[in-house]
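Structure file start_21.cif (mmCIF, N, CA, C and O atoms) follows.
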data_protein
loop_
_atom_site.label_atom_id
_atom_site.label_comp_id
_atom_site.auth_asym_id
_atom_site.auth_seq_id
_atom_site.Cartn_x
_atom_site.Cartn_y
_atom_site.Cartn_z
N MET O 1 72.45 117.17 110.22
CA MET O 1 73.47 116.79 109.24
C MET O 1 74.09 115.45 109.62
O MET O 1 74.39 114.65 108.76
N LYS O 2 74.29 115.27 110.93
CA LYS O 2 74.90 114.03 111.42
C LYS O 2 74.06 112.82 111.04
O LYS O 2 74.58 111.80 110.57
N TYR O 3 72.75 112.94 111.22
CA TYR O 3 71.87 111.82 110.93
C TYR O 3 71.72 111.56 109.43
O TYR O 3 71.52 110.42 109.02
N VAL O 4 71.84 112.59 108.64
CA VAL O 4 71.80 112.42 107.18
C VAL O 4 73.03 111.64 106.72
O VAL O 4 72.92 110.72 105.90
N ILE O 5 74.18 111.98 107.26
CA ILE O 5 75.41 111.28 106.90
C ILE O 5 75.35 109.82 107.33
O ILE O 5 75.72 108.92 106.57
N ILE O 6 74.85 109.58 108.54
CA ILE O 6 74.73 108.20 109.03
C ILE O 6 73.75 107.41 108.15
O ILE O 6 74.01 106.24 107.82
N ALA O 7 72.66 108.04 107.75
CA ALA O 7 71.68 107.36 106.89
C ALA O 7 72.30 107.03 105.53
O ALA O 7 72.09 105.92 105.00
N ILE O 8 73.06 107.95 104.96
CA ILE O 8 73.71 107.70 103.68
C ILE O 8 74.71 106.55 103.79
O ILE O 8 74.79 105.69 102.91
N VAL O 9 75.45 106.50 104.89
CA VAL O 9 76.42 105.42 105.09
C VAL O 9 75.71 104.08 105.19
O VAL O 9 76.11 103.09 104.56
N PHE O 10 74.62 104.02 105.96
CA PHE O 10 73.88 102.75 106.10
C PHE O 10 73.24 102.33 104.78
O PHE O 10 73.22 101.14 104.44
N ILE O 11 72.72 103.28 104.02
CA ILE O 11 72.13 102.95 102.73
C ILE O 11 73.19 102.41 101.78
O ILE O 11 72.97 101.41 101.09
N SER O 12 74.35 103.05 101.75
CA SER O 12 75.40 102.59 100.84
C SER O 12 75.93 101.23 101.25
O SER O 12 76.18 100.37 100.38
N ILE O 13 76.08 100.98 102.54
CA ILE O 13 76.52 99.65 102.99
C ILE O 13 75.46 98.61 102.66
O ILE O 13 75.78 97.49 102.25
N GLY O 14 74.19 98.99 102.82
CA GLY O 14 73.11 98.08 102.46
C GLY O 14 73.11 97.74 100.98
O GLY O 14 72.89 96.59 100.59
N LEU O 15 73.35 98.74 100.13
CA LEU O 15 73.42 98.49 98.68
C LEU O 15 74.58 97.55 98.34
O LEU O 15 74.43 96.65 97.50
N ILE O 16 75.72 97.75 98.98
CA ILE O 16 76.88 96.90 98.71
C ILE O 16 76.60 95.46 99.15
O ILE O 16 76.88 94.51 98.41
N ILE O 17 76.04 95.29 100.33
CA ILE O 17 75.73 93.94 100.83
C ILE O 17 74.68 93.27 99.94
O ILE O 17 74.79 92.09 99.61
N TYR O 18 73.66 94.03 99.55
CA TYR O 18 72.62 93.49 98.66
C TYR O 18 73.23 93.06 97.32
O TYR O 18 72.86 92.03 96.78
N GLY O 19 74.14 93.85 96.81
CA GLY O 19 74.80 93.50 95.54
C GLY O 19 75.61 92.22 95.64
O GLY O 19 75.65 91.42 94.72
N PHE O 20 76.25 91.99 96.79
CA PHE O 20 77.01 90.77 96.97
C PHE O 20 76.11 89.55 97.19
O PHE O 20 76.52 88.42 96.92
N ASN O 21 74.89 89.75 97.66
CA ASN O 21 73.99 88.64 97.94
C ASN O 21 73.09 88.26 96.77
O ASN O 21 72.34 87.30 96.87
N LEU O 22 73.14 88.99 95.66
CA LEU O 22 72.33 88.63 94.49
C LEU O 22 72.89 87.37 93.85
O LEU O 22 74.08 87.04 93.98
N ASP O 23 72.03 86.67 93.14
CA ASP O 23 72.43 85.44 92.47
C ASP O 23 73.44 85.72 91.35
O ASP O 23 73.56 86.83 90.86
N ALA O 24 74.11 84.67 90.94
CA ALA O 24 75.10 84.79 89.87
C ALA O 24 74.44 85.07 88.53
O ALA O 24 75.08 85.59 87.61
N SER O 25 73.16 84.74 88.42
CA SER O 25 72.46 85.00 87.14
C SER O 25 72.21 86.50 86.94
O SER O 25 72.05 86.95 85.81
N GLU O 26 72.18 87.26 88.01
CA GLU O 26 71.97 88.71 87.93
C GLU O 26 73.29 89.45 88.16
O GLU O 26 73.38 90.36 88.98
N ASP O 27 74.28 89.06 87.42
CA ASP O 27 75.64 89.59 87.62
C ASP O 27 75.74 91.08 87.33
O ASP O 27 76.34 91.83 88.09
N ALA O 28 75.13 91.52 86.24
CA ALA O 28 75.22 92.94 85.87
C ALA O 28 74.50 93.82 86.89
O ALA O 28 74.98 94.90 87.25
N LEU O 29 73.36 93.34 87.38
CA LEU O 29 72.60 94.10 88.37
C LEU O 29 73.36 94.18 89.70
O LEU O 29 73.36 95.22 90.36
N SER O 30 74.02 93.09 90.07
CA SER O 30 74.78 93.10 91.33
C SER O 30 75.94 94.09 91.26
O SER O 30 76.24 94.78 92.24
N HIS O 31 76.58 94.18 90.11
CA HIS O 31 77.67 95.15 89.94
C HIS O 31 77.15 96.59 90.05
O HIS O 31 77.85 97.46 90.58
N LYS O 32 75.95 96.83 89.56
CA LYS O 32 75.37 98.17 89.66
C LYS O 32 75.08 98.54 91.11
O LYS O 32 75.32 99.67 91.52
N TYR O 33 74.56 97.59 91.89
CA TYR O 33 74.30 97.86 93.30
C TYR O 33 75.60 98.11 94.07
O TYR O 33 75.68 99.04 94.88
N ILE O 34 76.59 97.30 93.83
CA ILE O 34 77.87 97.46 94.52
C ILE O 34 78.52 98.79 94.13
O ILE O 34 79.02 99.53 94.98
N GLY O 35 78.51 99.11 92.86
CA GLY O 35 79.11 100.35 92.39
C GLY O 35 78.38 101.58 92.89
O GLY O 35 79.01 102.56 93.31
N SER O 36 77.06 101.54 92.88
CA SER O 36 76.32 102.71 93.37
C SER O 36 76.49 102.89 94.87
O SER O 36 76.56 104.01 95.36
N GLY O 37 76.57 101.81 95.61
CA GLY O 37 76.83 101.91 97.05
C GLY O 37 78.20 102.49 97.34
O GLY O 37 78.37 103.33 98.23
N THR O 38 79.18 102.07 96.56
CA THR O 38 80.54 102.59 96.73
C THR O 38 80.61 104.07 96.37
O THR O 38 81.22 104.87 97.08
N LEU O 39 79.98 104.46 95.26
CA LEU O 39 79.97 105.86 94.87
C LEU O 39 79.25 106.73 95.89
O LEU O 39 79.70 107.82 96.22
N LEU O 40 78.14 106.23 96.40
CA LEU O 40 77.39 106.97 97.41
C LEU O 40 78.23 107.18 98.67
O LEU O 40 78.23 108.25 99.25
N LEU O 41 78.98 106.15 99.03
CA LEU O 41 79.80 106.24 100.23
C LEU O 41 80.95 107.22 100.06
O LEU O 41 81.19 108.08 100.92
N PHE O 42 81.66 107.13 98.94
CA PHE O 42 82.88 107.92 98.79
C PHE O 42 82.68 109.27 98.13
O PHE O 42 83.51 110.17 98.34
N LEU O 43 81.64 109.45 97.35
CA LEU O 43 81.44 110.74 96.68
C LEU O 43 80.40 111.62 97.35
O LEU O 43 80.34 112.82 97.07
N ILE O 44 79.59 111.05 98.23
CA ILE O 44 78.57 111.84 98.92
C ILE O 44 78.83 111.87 100.43
O ILE O 44 78.96 112.94 101.02
N ALA O 45 78.89 110.69 101.05
CA ALA O 45 78.99 110.63 102.51
C ALA O 45 80.32 111.16 103.03
O ALA O 45 80.36 111.92 104.00
N MET O 46 81.42 110.75 102.41
CA MET O 46 82.73 111.18 102.92
C MET O 46 82.93 112.69 102.79
O MET O 46 83.37 113.32 103.76
N PRO O 47 82.64 113.33 101.65
CA PRO O 47 82.80 114.79 101.61
C PRO O 47 81.89 115.53 102.59
O PRO O 47 82.31 116.51 103.20
N LEU O 48 80.65 115.04 102.76
CA LEU O 48 79.77 115.67 103.74
C LEU O 48 80.33 115.56 105.15
O LEU O 48 80.28 116.51 105.93
N PHE O 49 80.88 114.40 105.48
CA PHE O 49 81.48 114.21 106.79
C PHE O 49 82.69 115.12 106.98
O PHE O 49 82.85 115.75 108.03
N LEU O 50 83.54 115.22 105.97
CA LEU O 50 84.73 116.07 106.09
C LEU O 50 84.36 117.54 106.20
O LEU O 50 84.99 118.28 106.96
N ILE O 51 83.35 117.98 105.48
CA ILE O 51 82.90 119.36 105.59
C ILE O 51 82.35 119.64 106.98
O ILE O 51 82.64 120.66 107.60
N LYS O 52 81.57 118.70 107.51
CA LYS O 52 80.97 118.88 108.83
C LYS O 52 82.03 118.92 109.92
O LYS O 52 81.99 119.75 110.83
N GLU O 53 83.02 118.05 109.84
CA GLU O 53 84.02 117.95 110.90
C GLU O 53 85.10 119.02 110.81
O GLU O 53 85.74 119.34 111.80
N SER O 54 85.34 119.58 109.63
CA SER O 54 86.41 120.57 109.50
C SER O 54 85.92 122.00 109.64
O SER O 54 86.71 122.93 109.47
N LYS O 55 84.66 122.19 109.95
CA LYS O 55 84.12 123.54 110.08
C LYS O 55 84.77 124.25 111.27
O LYS O 55 84.81 123.73 112.38
N GLY O 56 85.34 125.43 111.02
CA GLY O 56 85.94 126.23 112.08
C GLY O 56 87.38 125.88 112.41
O GLY O 56 87.92 126.40 113.38
N LYS O 57 88.02 125.02 111.65
CA LYS O 57 89.41 124.66 111.93
C LYS O 57 90.32 125.31 110.89
O LYS O 57 89.96 125.49 109.75
N LYS O 58 91.52 125.66 111.34
CA LYS O 58 92.48 126.27 110.43
C LYS O 58 93.25 125.19 109.69
O LYS O 58 93.79 124.27 110.29
N PHE O 59 93.29 125.32 108.37
CA PHE O 59 93.97 124.32 107.54
C PHE O 59 95.48 124.34 107.76
O PHE O 59 96.13 123.31 107.68
N ASN O 60 96.06 125.51 108.06
CA ASN O 60 97.51 125.62 108.24
C ASN O 60 98.02 124.87 109.45
O ASN O 60 99.18 124.51 109.52
N ASP O 61 97.16 124.62 110.44
CA ASP O 61 97.59 123.88 111.62
C ASP O 61 97.88 122.42 111.31
O ASP O 61 98.57 121.74 112.06
N TYR O 62 97.35 121.90 110.21
CA TYR O 62 97.50 120.49 109.88
C TYR O 62 98.49 120.25 108.74
O TYR O 62 98.69 119.10 108.35
N MET O 63 99.11 121.31 108.23
CA MET O 63 100.09 121.16 107.15
C MET O 63 101.47 120.91 107.74
O MET O 63 101.81 121.43 108.80
N LEU O 64 102.26 120.11 107.07
CA LEU O 64 103.62 119.83 107.53
C LEU O 64 104.58 120.88 106.96
O LEU O 64 105.35 120.62 106.06
N THR O 65 104.53 122.05 107.53
CA THR O 65 105.47 123.08 107.16
C THR O 65 106.72 122.94 108.03
O THR O 65 106.72 122.21 109.03
N ASP O 66 107.78 123.63 107.66
CA ASP O 66 109.03 123.55 108.43
C ASP O 66 108.81 124.01 109.87
O ASP O 66 109.33 123.42 110.82
N GLU O 67 108.00 125.06 110.02
CA GLU O 67 107.72 125.59 111.36
C GLU O 67 106.98 124.57 112.23
O GLU O 67 107.32 124.35 113.40
N ASN O 68 105.96 123.91 111.65
CA ASN O 68 105.20 122.91 112.41
C ASN O 68 106.03 121.67 112.74
O ASN O 68 105.88 121.09 113.81
N VAL O 69 106.91 121.26 111.83
CA VAL O 69 107.78 120.11 112.10
C VAL O 69 108.74 120.44 113.23
O VAL O 69 108.97 119.63 114.13
N ARG O 70 109.27 121.65 113.23
CA ARG O 70 110.18 122.05 114.30
C ARG O 70 109.44 122.13 115.64
O ARG O 70 109.99 121.80 116.69
N LYS O 71 108.19 122.57 115.62
CA LYS O 71 107.39 122.60 116.85
C LYS O 71 107.19 121.19 117.40
O LYS O 71 107.28 120.97 118.60
N MET O 72 106.89 120.23 116.51
CA MET O 72 106.68 118.85 116.94
C MET O 72 107.95 118.24 117.50
O MET O 72 107.91 117.42 118.41
N GLN O 73 109.11 118.62 116.94
CA GLN O 73 110.38 118.09 117.41
C GLN O 73 110.88 118.81 118.65
O GLN O 73 111.84 118.37 119.27
N GLY O 74 110.26 119.90 119.01
CA GLY O 74 110.67 120.65 120.19
C GLY O 74 111.84 121.58 119.94
O GLY O 74 112.49 122.04 120.87
N LYS O 75 112.11 121.87 118.70
CA LYS O 75 113.21 122.77 118.34
C LYS O 75 112.68 124.18 118.17
O LYS O 75 111.50 124.41 117.95
N ALA O 76 113.59 125.13 118.27
CA ALA O 76 113.22 126.54 118.06
C ALA O 76 112.98 126.79 116.58
O ALA O 76 113.62 126.18 115.73
N PRO O 77 112.04 127.67 116.25
CA PRO O 77 111.80 127.97 114.83
C PRO O 77 113.03 128.61 114.19
O PRO O 77 113.77 129.34 114.83
N ARG O 78 113.21 128.29 112.94
CA ARG O 78 114.34 128.81 112.19
C ARG O 78 114.12 130.26 111.84
O ARG O 78 113.03 130.66 111.46
N LYS O 79 115.14 131.07 111.96
CA LYS O 79 115.04 132.47 111.57
C LYS O 79 115.54 132.61 110.14
O LYS O 79 116.62 132.16 109.80
N THR O 80 114.74 133.25 109.33
CA THR O 80 115.14 133.48 107.95
C THR O 80 115.73 134.87 107.82
O THR O 80 115.69 135.68 108.75
N ASP O 81 116.24 135.18 106.66
CA ASP O 81 116.89 136.47 106.43
C ASP O 81 115.92 137.65 106.53
O ASP O 81 116.30 138.73 106.92
N ASN O 82 114.67 137.42 106.19
CA ASN O 82 113.73 138.54 106.18
C ASN O 82 112.93 138.66 107.49
O ASN O 82 112.06 139.49 107.57
N GLN O 83 113.23 137.88 108.50
CA GLN O 83 112.54 137.98 109.78
C GLN O 83 113.43 138.70 110.79
O GLN O 83 114.59 138.39 110.96
N ASP O 84 112.86 139.64 111.47
CA ASP O 84 113.51 140.35 112.59
C ASP O 84 114.88 140.91 112.22
O ASP O 84 115.81 140.85 113.02
N THR O 85 115.02 141.42 111.06
CA THR O 85 116.30 142.04 110.69
C THR O 85 116.24 143.52 111.05
O THR O 85 115.26 144.20 110.73
N PRO O 86 117.24 144.00 111.73
CA PRO O 86 117.24 145.43 112.08
C PRO O 86 117.46 146.28 110.83
O PRO O 86 118.24 145.93 109.96
N LYS O 87 116.75 147.38 110.75
CA LYS O 87 116.90 148.27 109.60
C LYS O 87 118.00 149.28 109.91
O LYS O 87 118.06 149.83 111.00
N LYS O 88 118.84 149.50 108.94
CA LYS O 88 119.97 150.43 109.12
C LYS O 88 119.74 151.71 108.43
O LYS O 88 119.07 151.91 107.51
#
Turn the structure described in the file into structure tokens.
Amino acid sequence: MKYVIIAIVFISIGLIIYGFNLDASEDALSHKYIGSGTLLLFLIAMPLFLIKESKGKKFNDYMLTDENVRKMQGKAPRKTDNQDTPKK
């Protein structure tokens, strides 16, 4: 999977560079190469990379919840009304 992603990135960068190096007479064709390279990079390579790298990780660990912000600041977690209330 790693090598497929690297190949897609190199192909898309190659398409973008080739599109910029075409003559001014082939303006429409150069835009197609640049656009397809950009789409390949951002719609194919980036999602594949994110799926590969995020496998097995918990999404909640990366969210900025009140509890996680307090952990980062070194403060004690806030107790809400429904946590650890003794039943009468």
Exercise for review: Decode the PyMOL selection byres ((chain O and resi 33) around 8) for the given file into explicit residues and return them as an NGL selection string.
Suggested key: :O and (11-20 or 26-32 or 34-40)
Point to revise | For region 43-51 of chain O: contacts at 8 Å, all atoms listed in the file, fewer than 6 positions along chain excluded, given as a ChimeraX atom specification | key: /O:1-2,4-6,8-9,36-37
Practice item. Please measure the separation of CA of Arg70 (chain O) and CA of Lys58 (chain O), giving the value in Å to one decimal. Key: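 Taking CA of Arg70 (chain O) and CA of Lys58 (chain O), their separation equals 18.6 Å.
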Practice item. Could you tell me which of O:Met63, O:Leu41, O:Gly56, O:Gly74 comes closest to Ala7 (chain O) if we count only C-alpha atoms? Key: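 The closest residue to Ala7 (chain O) is O:Leu41.
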Practice item. Could you please determine the separation between CA of Lys52 (chain O) and CA of Leu64 (chain O) in Å, to one decimal place? Key: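 Answer for the CA of Lys52 (chain O) to CA of Leu64 (chain O) separation: 22.7 Å.
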Check your understanding: How many Å separate CA of Asp61 (chain O) from CA of Gln73 (chain O)?
Key -> 15.2 Å
Centre and size of axis-aligned box enclosing region 45-48 of chain O plus 6 Å each side, as JSON:
{"center_x": 81.1, "center_y": 113.6, "center_z": 103.5, "size_x": 16.5, "size_y": 17.9, "size_z": 16.9}
